[in-house]
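Containing mmCIF, C-alpha atoms and all ligand atoms: input-v2.cif.
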```
data_upload
loop_
_atom_site.group_PDB
_atom_site.id
_atom_site.type_symbol
_atom_site.label_atom_id
_atom_site.label_comp_id
_atom_site.auth_asym_id
_atom_site.auth_seq_id
_atom_site.Cartn_x
_atom_site.Cartn_y
_atom_site.Cartn_z
ATOM 1 C CA MET A 103 94.484 68.910 131.409
ATOM 2 C CA ARG A 104 92.546 68.043 128.247
ATOM 3 C CA ASP A 105 94.415 66.602 125.321
ATOM 4 C CA HIS A 106 93.650 68.610 122.185
ATOM 5 C CA ARG A 107 95.957 66.768 119.938
ATOM 6 C CA GLY A 108 93.552 65.616 117.187
ATOM 7 C CA SER A 109 95.665 64.454 114.259
ATOM 8 C CA SER A 110 98.586 66.576 115.437
ATOM 9 C CA GLU A 111 101.755 65.162 116.960
ATOM 10 C CA PHE A 112 101.756 68.164 119.324
ATOM 11 C CA VAL A 113 99.734 68.615 122.521
ATOM 12 C CA LEU A 114 98.059 71.972 123.152
ATOM 13 C CA THR A 115 98.111 72.589 126.895
ATOM 14 C CA ASP A 116 95.640 74.937 128.593
ATOM 15 C CA ARG A 117 98.482 77.365 129.226
ATOM 16 C CA ASP A 118 99.634 77.404 125.607
ATOM 17 C CA PHE A 119 96.058 77.841 124.386
ATOM 18 C CA GLU A 120 95.758 80.845 126.730
ATOM 19 C CA ARG A 121 98.990 82.313 125.356
ATOM 20 C CA ILE A 122 97.771 81.871 121.773
ATOM 21 C CA ARG A 123 94.393 83.360 122.649
ATOM 22 C CA GLU A 124 95.970 86.340 124.352
ATOM 23 C CA ARG A 125 98.323 86.927 121.428
ATOM 24 C CA VAL A 126 95.762 86.831 118.614
ATOM 25 C CA TYR A 127 93.431 89.035 120.671
ATOM 26 C CA ARG A 128 96.170 91.592 121.271
ATOM 27 C CA ILE A 129 97.305 91.651 117.647
ATOM 28 C CA ALA A 130 94.055 91.242 115.695
ATOM 29 C CA GLY A 131 91.218 91.674 118.213
ATOM 30 C CA ILE A 132 90.115 88.103 117.501
ATOM 31 C CA SER A 133 88.520 86.332 120.495
ATOM 32 C CA LEU A 134 88.976 82.568 120.343
ATOM 33 C CA SER A 135 86.406 80.580 122.294
ATOM 34 C CA ASP A 136 87.166 77.184 123.839
ATOM 35 C CA ALA A 137 85.310 75.633 120.896
ATOM 36 C CA LYS A 138 88.174 76.790 118.656
ATOM 37 C CA ARG A 139 90.830 74.637 120.347
ATOM 38 C CA THR A 140 90.798 71.856 117.770
ATOM 39 C CA LEU A 141 90.893 74.413 114.967
ATOM 40 C CA VAL A 142 93.880 76.139 116.580
ATOM 41 C CA VAL A 143 95.726 72.812 116.774
ATOM 42 C CA SER A 144 95.081 71.927 113.137
ATOM 43 C CA ARG A 145 95.921 75.406 111.799
ATOM 44 C CA LEU A 146 99.106 75.904 113.828
ATOM 45 C CA THR A 147 100.489 72.366 113.573
ATOM 46 C CA LYS A 148 101.617 72.943 109.974
ATOM 47 C CA ILE A 149 103.511 76.058 111.017
ATOM 48 C CA VAL A 150 105.165 74.407 114.031
ATOM 49 C CA ARG A 151 106.277 71.567 111.748
ATOM 50 C CA ALA A 152 107.579 73.911 109.077
ATOM 51 C CA LEU A 153 109.609 75.813 111.675
ATOM 52 C CA ARG A 154 110.922 72.462 113.002
ATOM 53 C CA LEU A 155 109.990 73.374 116.557
ATOM 54 C CA SER A 156 109.262 70.850 119.300
ATOM 55 C CA GLY A 157 105.666 71.948 119.957
ATOM 56 C CA PHE A 158 103.296 74.797 120.689
ATOM 57 C CA SER A 159 105.227 76.023 123.764
ATOM 58 C CA ALA A 160 108.389 76.374 121.725
ATOM 59 C CA TYR A 161 106.375 78.075 118.965
ATOM 60 C CA ILE A 162 104.898 80.720 121.246
ATOM 61 C CA ASP A 163 108.312 81.232 122.872
ATOM 62 C CA HIS A 164 109.678 81.753 119.362
ATOM 63 C CA LEU A 165 106.994 84.365 118.577
ATOM 64 C CA GLU A 166 107.398 86.121 121.889
ATOM 65 C CA ALA A 167 111.151 86.288 121.531
ATOM 66 C CA GLY A 168 110.577 88.603 118.545
ATOM 67 C CA ALA A 169 110.178 86.369 115.523
ATOM 68 C CA ARG A 170 110.564 87.517 111.906
ATOM 69 C CA ALA A 171 107.688 89.624 110.580
ATOM 70 C CA GLU A 172 106.628 86.780 108.269
ATOM 71 C CA ASP A 173 106.337 84.371 111.206
ATOM 72 C CA GLU A 174 104.139 86.909 113.010
ATOM 73 C CA GLN A 175 102.012 87.266 109.884
ATOM 74 C CA ASP A 176 101.731 83.475 109.394
ATOM 75 C CA PHE A 177 100.409 83.213 112.955
ATOM 76 C CA VAL A 178 97.636 85.750 112.285
ATOM 77 C CA ASN A 179 96.855 84.364 108.817
ATOM 78 C CA ALA A 180 96.427 80.889 110.303
ATOM 79 C CA LEU A 181 93.881 82.054 112.871
ATOM 80 C CA THR A 182 91.528 84.107 110.681
ATOM 81 C CA THR A 183 88.342 82.664 109.230
ATOM 82 C CA ASN A 184 87.870 83.694 105.624
ATOM 83 C CA LEU A 185 84.548 82.248 104.502
ATOM 84 C CA THR A 186 82.953 84.425 101.816
ATOM 85 C CA ARG A 187 81.235 84.220 98.437
ATOM 86 C CA PHE A 188 80.024 86.325 95.524
ATOM 87 C CA PHE A 189 76.702 88.114 96.168
ATOM 88 C CA ARG A 190 76.676 86.947 99.801
ATOM 89 C CA GLU A 191 73.660 88.531 101.573
ATOM 90 C CA ASP A 192 72.584 89.944 98.253
ATOM 91 C CA HIS A 193 69.960 92.368 99.579
ATOM 92 C CA HIS A 194 72.923 94.622 100.454
ATOM 93 C CA PHE A 195 73.910 94.867 96.788
ATOM 94 C CA ASP A 196 70.318 95.698 95.791
ATOM 95 C CA HIS A 197 70.269 98.429 98.421
ATOM 96 C CA LEU A 198 73.659 99.752 97.345
ATOM 97 C CA GLU A 199 72.438 99.861 93.749
ATOM 98 C CA SER A 200 69.409 101.970 94.619
ATOM 99 C CA PHE A 201 71.576 104.282 96.739
ATOM 100 C CA VAL A 202 74.045 104.717 93.869
ATOM 101 C CA ALA A 203 71.137 105.290 91.420
ATOM 102 C CA GLY A 204 70.327 108.385 93.494
ATOM 103 C CA LEU A 205 73.954 109.543 93.400
ATOM 104 C CA VAL A 206 74.146 109.011 89.640
ATOM 105 C CA ALA A 207 71.038 111.200 89.253
ATOM 106 C CA ARG A 208 72.480 113.805 91.634
ATOM 107 C CA PRO A 209 76.153 113.446 92.565
ATOM 108 C CA LEU A 210 76.951 114.748 96.049
ATOM 109 C CA ARG A 211 80.727 114.959 96.001
ATOM 110 C CA TYR A 212 83.352 115.629 93.353
ATOM 111 C CA GLY A 213 86.865 114.231 93.288
ATOM 112 C CA ARG A 214 89.844 113.894 90.966
ATOM 113 C CA GLY A 215 89.557 115.865 87.734
ATOM 114 C CA GLY A 216 86.289 117.403 88.950
ATOM 115 C CA ARG A 217 84.543 114.081 88.325
ATOM 116 C CA PRO A 218 81.711 112.831 90.554
ATOM 117 C CA ARG A 219 83.265 110.876 93.428
ATOM 118 C CA LEU A 220 82.235 107.496 94.813
ATOM 119 C CA ARG A 221 84.180 105.653 97.507
ATOM 120 C CA ILE A 222 83.312 102.256 98.920
ATOM 121 C CA TRP A 223 85.245 100.314 101.562
ATOM 122 C CA SER A 224 85.082 96.555 101.946
ATOM 123 C CA ALA A 225 86.568 96.159 105.440
ATOM 124 C CA GLY A 226 87.532 92.517 105.986
ATOM 125 C CA CYS A 227 87.316 91.632 102.290
ATOM 126 C CA SER A 228 88.838 88.133 102.554
ATOM 127 C CA THR A 229 89.544 86.631 99.091
ATOM 128 C CA GLY A 230 87.863 89.523 97.259
ATOM 129 C CA GLN A 231 84.390 88.237 96.372
ATOM 130 C CA GLU A 232 82.723 91.076 98.323
ATOM 131 C CA PRO A 233 84.498 94.069 96.719
ATOM 132 C CA TYR A 234 84.363 92.444 93.281
ATOM 133 C CA THR A 235 80.607 91.900 93.675
ATOM 134 C CA VAL A 236 80.274 95.626 94.433
ATOM 135 C CA ALA A 237 82.409 96.548 91.410
ATOM 136 C CA MET A 238 80.729 94.194 88.931
ATOM 137 C CA SER A 239 77.157 94.856 90.002
ATOM 138 C CA LEU A 240 77.535 98.649 90.070
ATOM 139 C CA LEU A 241 79.366 98.789 86.725
ATOM 140 C CA ALA A 242 76.671 96.601 85.125
ATOM 141 C CA ALA A 243 73.884 98.799 86.510
ATOM 142 C CA PHE A 244 75.590 102.149 85.838
ATOM 143 C CA PRO A 245 78.087 102.048 82.942
ATOM 144 C CA ASP A 246 78.554 105.825 83.401
ATOM 145 C CA LEU A 247 80.494 105.070 86.610
ATOM 146 C CA ARG A 248 83.479 104.319 84.360
ATOM 147 C CA ARG A 249 83.818 108.056 83.942
ATOM 148 C CA TRP A 250 83.549 108.761 87.669
ATOM 149 C CA ASP A 251 86.259 109.086 90.268
ATOM 150 C CA PHE A 252 85.115 105.724 91.646
ATOM 151 C CA ARG A 253 87.347 103.559 93.844
ATOM 152 C CA ILE A 254 86.757 100.570 96.073
ATOM 153 C CA LEU A 255 89.158 100.036 98.952
ATOM 154 C CA ALA A 256 89.347 96.386 99.998
ATOM 155 C CA THR A 257 91.274 95.596 103.178
ATOM 156 C CA ASP A 258 92.062 92.571 105.298
ATOM 157 C CA ILE A 259 94.590 91.621 107.972
ATOM 158 C CA ASP A 260 95.328 88.276 106.271
ATOM 159 C CA THR A 261 97.983 88.628 103.570
ATOM 160 C CA ASN A 262 97.252 85.174 102.078
ATOM 161 C CA VAL A 263 93.652 86.047 101.233
ATOM 162 C CA LEU A 264 94.739 89.399 99.796
ATOM 163 C CA ALA A 265 97.184 87.635 97.455
ATOM 164 C CA LYS A 266 94.350 85.383 96.241
ATOM 165 C CA ALA A 267 92.021 88.349 95.850
ATOM 166 C CA GLN A 268 94.554 90.203 93.681
ATOM 167 C CA THR A 269 94.448 87.435 91.068
ATOM 168 C CA GLY A 270 90.725 88.045 90.392
ATOM 169 C CA MET A 271 90.468 84.364 89.411
ATOM 170 C CA TYR A 272 88.246 81.774 91.029
ATOM 171 C CA PRO A 273 87.187 78.163 90.452
ATOM 172 C CA ALA A 274 84.027 77.860 88.332
ATOM 173 C CA SER A 275 82.211 76.378 91.363
ATOM 174 C CA GLU A 276 82.224 79.899 92.881
ATOM 175 C CA VAL A 277 79.495 81.005 90.484
ATOM 176 C CA SER A 278 77.527 77.748 90.235
ATOM 177 C CA GLY A 279 74.865 78.985 92.660
ATOM 178 C CA LEU A 280 74.399 82.350 90.927
ATOM 179 C CA SER A 281 71.641 83.301 88.499
ATOM 180 C CA ALA A 282 72.578 83.192 84.796
ATOM 181 C CA GLN A 283 72.436 87.000 84.756
ATOM 182 C CA ARG A 284 74.982 87.258 87.576
ATOM 183 C CA ALA A 285 77.200 84.474 86.216
ATOM 184 C CA LYS A 286 77.395 86.421 82.943
ATOM 185 C CA LEU A 287 79.196 89.249 84.742
ATOM 186 C CA PHE A 288 82.386 87.119 84.778
ATOM 187 C CA ASP A 289 84.896 86.343 82.062
ATOM 188 C CA ARG A 290 86.283 82.789 81.689
ATOM 189 C CA SER A 291 89.897 81.706 81.529
ATOM 190 C CA ALA A 292 91.175 79.164 78.987
ATOM 191 C CA VAL A 293 90.929 76.441 81.649
ATOM 192 C CA GLY A 294 87.402 77.366 82.724
ATOM 193 C CA GLU A 295 88.060 79.468 85.823
ATOM 194 C CA VAL A 296 85.874 82.500 86.338
ATOM 195 C CA VAL A 297 87.707 85.794 86.009
ATOM 196 C CA VAL A 298 86.625 89.185 87.276
ATOM 197 C CA PRO A 299 86.623 91.507 84.236
ATOM 198 C CA GLU A 300 89.420 94.026 84.061
ATOM 199 C CA ALA A 301 87.128 97.066 84.340
ATOM 200 C CA ALA A 302 85.890 95.784 87.712
ATOM 201 C CA ARG A 303 89.361 94.764 88.893
ATOM 202 C CA ASP A 304 90.717 98.207 88.061
ATOM 203 C CA LEU A 305 88.291 99.774 90.528
ATOM 204 C CA VAL A 306 89.479 97.753 93.508
ATOM 205 C CA ALA A 307 92.628 98.468 95.546
ATOM 206 C CA PHE A 308 93.529 95.638 97.948
ATOM 207 C CA ARG A 309 95.506 96.659 101.036
ATOM 208 C CA MET A 310 96.624 94.964 104.215
ATOM 209 C CA LEU A 311 94.957 96.767 107.103
ATOM 210 C CA ASN A 312 94.377 95.718 110.690
ATOM 211 C CA LEU A 313 90.979 97.003 111.781
ATOM 212 C CA ILE A 314 92.229 97.419 115.352
ATOM 213 C CA GLY A 315 95.415 99.200 114.201
ATOM 214 C CA GLU A 316 96.230 102.431 112.388
ATOM 215 C CA TRP A 317 94.064 103.500 109.440
ATOM 216 C CA PRO A 318 96.026 105.588 106.958
ATOM 217 C CA MET A 319 93.077 106.680 104.793
ATOM 218 C CA LYS A 320 90.962 109.777 105.211
ATOM 219 C CA GLY A 321 87.558 108.936 103.764
ATOM 220 C CA PRO A 322 84.777 109.765 103.658
ATOM 221 C CA PHE A 323 83.280 106.588 102.233
ATOM 222 C CA ASP A 324 79.821 106.594 100.692
ATOM 223 C CA ALA A 325 79.374 103.003 101.780
ATOM 224 C CA ILE A 326 81.265 100.671 104.111
ATOM 225 C CA LEU A 327 80.756 96.923 104.106
ATOM 226 C CA CYS A 328 82.081 95.393 107.317
ATOM 227 C CA ARG A 329 80.294 92.077 107.216
ATOM 228 C CA ASN A 330 81.025 88.910 109.180
ATOM 229 C CA VAL A 331 84.249 90.369 110.584
ATOM 230 C CA ALA A 332 83.227 91.794 113.969
ATOM 231 C CA ILE A 333 81.637 88.438 114.919
ATOM 232 C CA TYR A 334 85.179 87.349 115.801
ATOM 233 C CA PHE A 335 85.609 90.306 118.182
ATOM 234 C CA ASP A 336 84.286 90.786 121.713
ATOM 235 C CA LYS A 337 81.670 93.482 122.380
ATOM 236 C CA PRO A 338 84.054 96.265 123.515
ATOM 237 C CA THR A 339 86.231 95.710 120.413
ATOM 238 C CA GLN A 340 83.112 95.723 118.208
ATOM 239 C CA GLY A 341 81.990 98.994 119.793
ATOM 240 C CA ARG A 342 85.326 100.685 119.165
ATOM 241 C CA LEU A 343 85.423 99.381 115.579
ATOM 242 C CA PHE A 344 81.921 100.542 114.639
ATOM 243 C CA ASP A 345 82.444 103.933 116.315
ATOM 244 C CA ARG A 346 85.622 104.359 114.260
ATOM 245 C CA LEU A 347 83.903 103.230 111.052
ATOM 246 C CA GLY A 348 81.374 105.983 111.734
ATOM 247 C CA THR A 349 84.161 108.572 111.503
ATOM 248 C CA MET A 350 84.971 107.268 107.999
ATOM 249 C CA LEU A 351 81.392 107.216 106.722
ATOM 250 C CA ALA A 352 79.896 110.152 104.801
ATOM 251 C CA PRO A 353 76.909 111.673 106.665
ATOM 252 C CA ASP A 354 74.546 110.318 103.999
ATOM 253 C CA GLY A 355 76.455 107.015 103.567
ATOM 254 C CA PHE A 356 75.501 103.473 104.549
ATOM 255 C CA LEU A 357 77.136 100.817 106.704
ATOM 256 C CA TYR A 358 76.386 97.181 105.859
ATOM 257 C CA ILE A 359 77.051 94.518 108.501
ATOM 258 C CA GLY A 360 76.708 90.725 108.592
ATOM 259 C CA HIS A 361 73.416 88.863 108.963
ATOM 260 C CA SER A 362 74.127 87.747 112.544
ATOM 261 C CA GLU A 363 75.460 91.118 113.720
ATOM 262 C CA ASN A 364 73.667 93.928 115.513
ATOM 263 C CA LEU A 365 74.938 97.400 116.304
ATOM 264 C CA GLN A 366 72.336 98.172 118.925
ATOM 265 C CA ALA A 367 74.252 96.823 121.910
ATOM 266 C CA VAL A 368 77.695 98.039 120.825
ATOM 267 C CA SER A 369 77.526 101.478 119.193
ATOM 268 C CA GLU A 370 75.150 104.376 119.730
ATOM 269 C CA GLY A 371 76.005 106.380 116.640
ATOM 270 C CA TYR A 372 73.832 104.569 114.093
ATOM 271 C CA ARG A 373 70.213 103.999 113.238
ATOM 272 C CA LEU A 374 68.912 100.888 111.518
ATOM 273 C CA VAL A 375 67.511 101.774 108.093
ATOM 274 C CA GLY A 376 67.140 98.296 106.535
ATOM 275 C CA LYS A 377 68.005 94.676 107.243
ATOM 276 C CA THR A 378 71.564 94.935 108.719
ATOM 277 C CA ILE A 379 71.917 98.359 107.024
ATOM 278 C CA TYR A 380 72.749 101.448 109.085
ATOM 279 C CA GLN A 381 73.198 105.194 108.719
ATOM 280 C CA LEU A 382 74.759 107.665 111.099
ATOM 281 C CA LYS A 383 72.319 109.322 113.462
ATOM 282 C CA THR A 384 73.911 112.610 112.447
ATOM 283 C CA ASN A 385 72.597 112.168 108.882
ATOM 284 C CA PRO A 386 70.561 115.368 108.292
ATOM 285 C CA ALA A 387 68.081 113.618 105.940
ATOM 286 C CA GLN A 388 67.251 111.121 108.680
ATOM 287 C CA LYS A 389 66.758 113.907 111.230
ATOM 288 C CA ASP A 390 64.264 115.598 108.905
ATOM 289 C CA ALA A 391 62.452 112.319 108.433
ATOM 290 C CA ALA A 392 62.306 111.642 112.187
HETATM 291 C C1 LIG B 1 84.452 85.654 107.368
HETATM 292 S S1 LIG B 1 85.477 86.782 106.488
HETATM 293 C C2 LIG B 1 84.250 87.919 105.865
HETATM 294 C C3 LIG B 1 84.443 88.236 104.402
HETATM 295 C C4 LIG B 1 83.373 89.136 103.791
HETATM 296 N N1 LIG B 1 83.320 90.412 104.458
HETATM 297 C C5 LIG B 1 82.034 88.467 103.789
HETATM 298 O O1 LIG B 1 81.157 88.831 104.591
HETATM 299 O O2 LIG B 1 81.832 87.541 102.999
HETATM 300 C C6 LIG B 1 86.231 87.722 107.815
HETATM 301 C C7 LIG B 1 87.505 88.427 107.408
HETATM 302 O O3 LIG B 1 87.867 89.360 108.428
HETATM 303 C C8 LIG B 1 89.278 89.405 108.481
HETATM 304 N N2 LIG B 1 89.730 89.969 109.771
HETATM 305 C C9 LIG B 1 89.671 89.396 110.996
HETATM 306 N N3 LIG B 1 90.234 90.210 111.913
HETATM 307 C C10 LIG B 1 90.641 91.320 111.263
HETATM 308 C C11 LIG B 1 91.297 92.520 111.666
HETATM 309 N N4 LIG B 1 91.661 92.744 112.920
HETATM 310 N N5 LIG B 1 91.559 93.450 110.709
HETATM 311 C C12 LIG B 1 91.204 93.230 109.419
HETATM 312 N N6 LIG B 1 90.592 92.124 108.984
HETATM 313 C C13 LIG B 1 90.312 91.165 109.890
HETATM 314 C C14 LIG B 1 89.691 87.963 108.274
HETATM 315 O O4 LIG B 1 91.018 87.836 107.842
HETATM 316 C C15 LIG B 1 88.672 87.481 107.240
HETATM 317 O O5 LIG B 1 89.184 87.506 105.930
#
```
Do you think you could lay out the structure here as structure tokens?
Ligand SMILES: C[S@@+](CC[C@H](N)C(=O)[O-])C[C@H]1O[C@@H](n2cnc3c(N)ncnc32)[C@H](O)[C@@H]1O
Amino acid sequence: MRDHRGSSEFVLTDRDFERIRERVYRIAGISLSDAKRTLVVSRLTKIVRALRLSGFSAYIDHLEAGARAEDEQDFVNALTTNLTRFFREDHHFDHLESFVAGLVARPLRYGRGGRPRLRIWSAGCSTGQEPYTVAMSLLAAFPDLRRWDFRILATDIDTNVLAKAQTGMYPASEVSGLSAQRAKLFDRSAVGEVVVPEAARDLVAFRMLNLIGEWPMKGPFDAILCRNVAIYFDKPTQGRLFDRLGTMLAPDGFLYIGHSENLQAVSEGYRLVGKTIYQLKTNPAQKDAA
């Protein structure tokens, strides 16, 4: 048996690692490779200590015996990877802007109060930089959207990142790599943090949602960003997720995925229309073009 103790006082046995792997896969669809063993030890050690348990075996026994909902949630929160940033993979935001320019010229759907409707879903939004980038860049490009029935749904399974996202406040270092034009989109707090302006924050609704669980919303969404989330899933789980996302996407809408992801091997319903940008094959405009 290998000793994956690292700086932890607890030993992670092969059997306990298997139990943890099985559990996070069952709950969140996340597949943990062997390379993640050290990470699992460091992330879960703090929890095992806080619960004053004797080690990982006792911890998993505790979870399996039907722990409190917050203990279950802490387990999942600890095992997600939340790396993100403003304007990450920025060609997607350029593409989204040109798509929305077309909708502004000729709205396709109408919503509340008979206003033109625009719905965007950031699925796996982490600490909020992705949905806020959508909100700030679209509002800057199309001030008229303030009068639209425009909402951005931002979901994640990790309740800690959602709480951070809700604040709309970030350290100044978050914008240090951005162009002056993009950095100007943010307000500043008295102590120098960057703050997402209220008009952009008002557009975004953050919700806890497990992508392999129930989805309470109806759609359709004009655009879905599901970027750098499915990389943590195995191929069958990815296939089911992208097929389901297709049922939420408007026929003329776009799906944006992460730079290292590819739908070709996992879902047959889409065609590639740009770099990591997809549309449904059922899109009538695409059929005409084909
Ligand atoms: C690496 S972040 C990606 C953030 C952002 N989309 C981006 O590309 O910058 C992946 C996010 O997916 C979330 N996630 C993982 N499994 C999930 C699941 N089953 N349901 C919902 N979100 C999940 C994680 O909590 C994490 O915040």
What residues come out when you apply the PyMOL selection byres (((chain A and resi 216-228) around 8) and not hetatm) to this file, written as a PyMOL selection string?
chain A and resi 184-186+209-215+229-233+249-260+263-264+267+313+321-329+331
Could you work out an axis-aligned box for ligand LIG 1 (chain B), taking every atom the file lists and adding 4 Å on each side, and report centre and edge lengths in Å to one decimal, as lines of an AutoDock Vina configuration file?
```
center_x = 86.4
center_y = 89.6
center_z = 108.0
size_x = 18.5
size_y = 15.8
size_z = 17.9
```
(request) On this file, the PyMOL selection byres (((chain A and resi 127-142) around 8) and not hetatm) gives some set of residues; write that set as a ChimeraX atom specification. (result) /A:106-108,119,123-126,143-146,178,181,259,312-314,334-336,339
Item to complete: Output the residue selection produced by the PyMOL selection byres (((chain A and resi 286-299) around 12) and not hetatm) on the file above, formatted as a PyMOL selection string.
Response: chain A and resi 188-189+230-243+267-278+280-285+300-306
Atom pair atom CA of Thr384 of chain A + atom CA of Ile333 of chain A, distance 25.5 Å
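With distances restricted to all atoms listed in the file, A:Ile359 is the closest residue to ligand LIG 1 (chain B) from A:Leu365, A:Met350, A:Ala207, A:Ile359.
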Which residues are near segment 154-166 of chain A? Cut-off 7 Å, all atoms listed in the file, ignore same chain within fewer than 5 positions. Put them as a list in words.
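Counting only the stated atoms, we get Phe112, Leu114, Asp118 and Glu174 of chain A.
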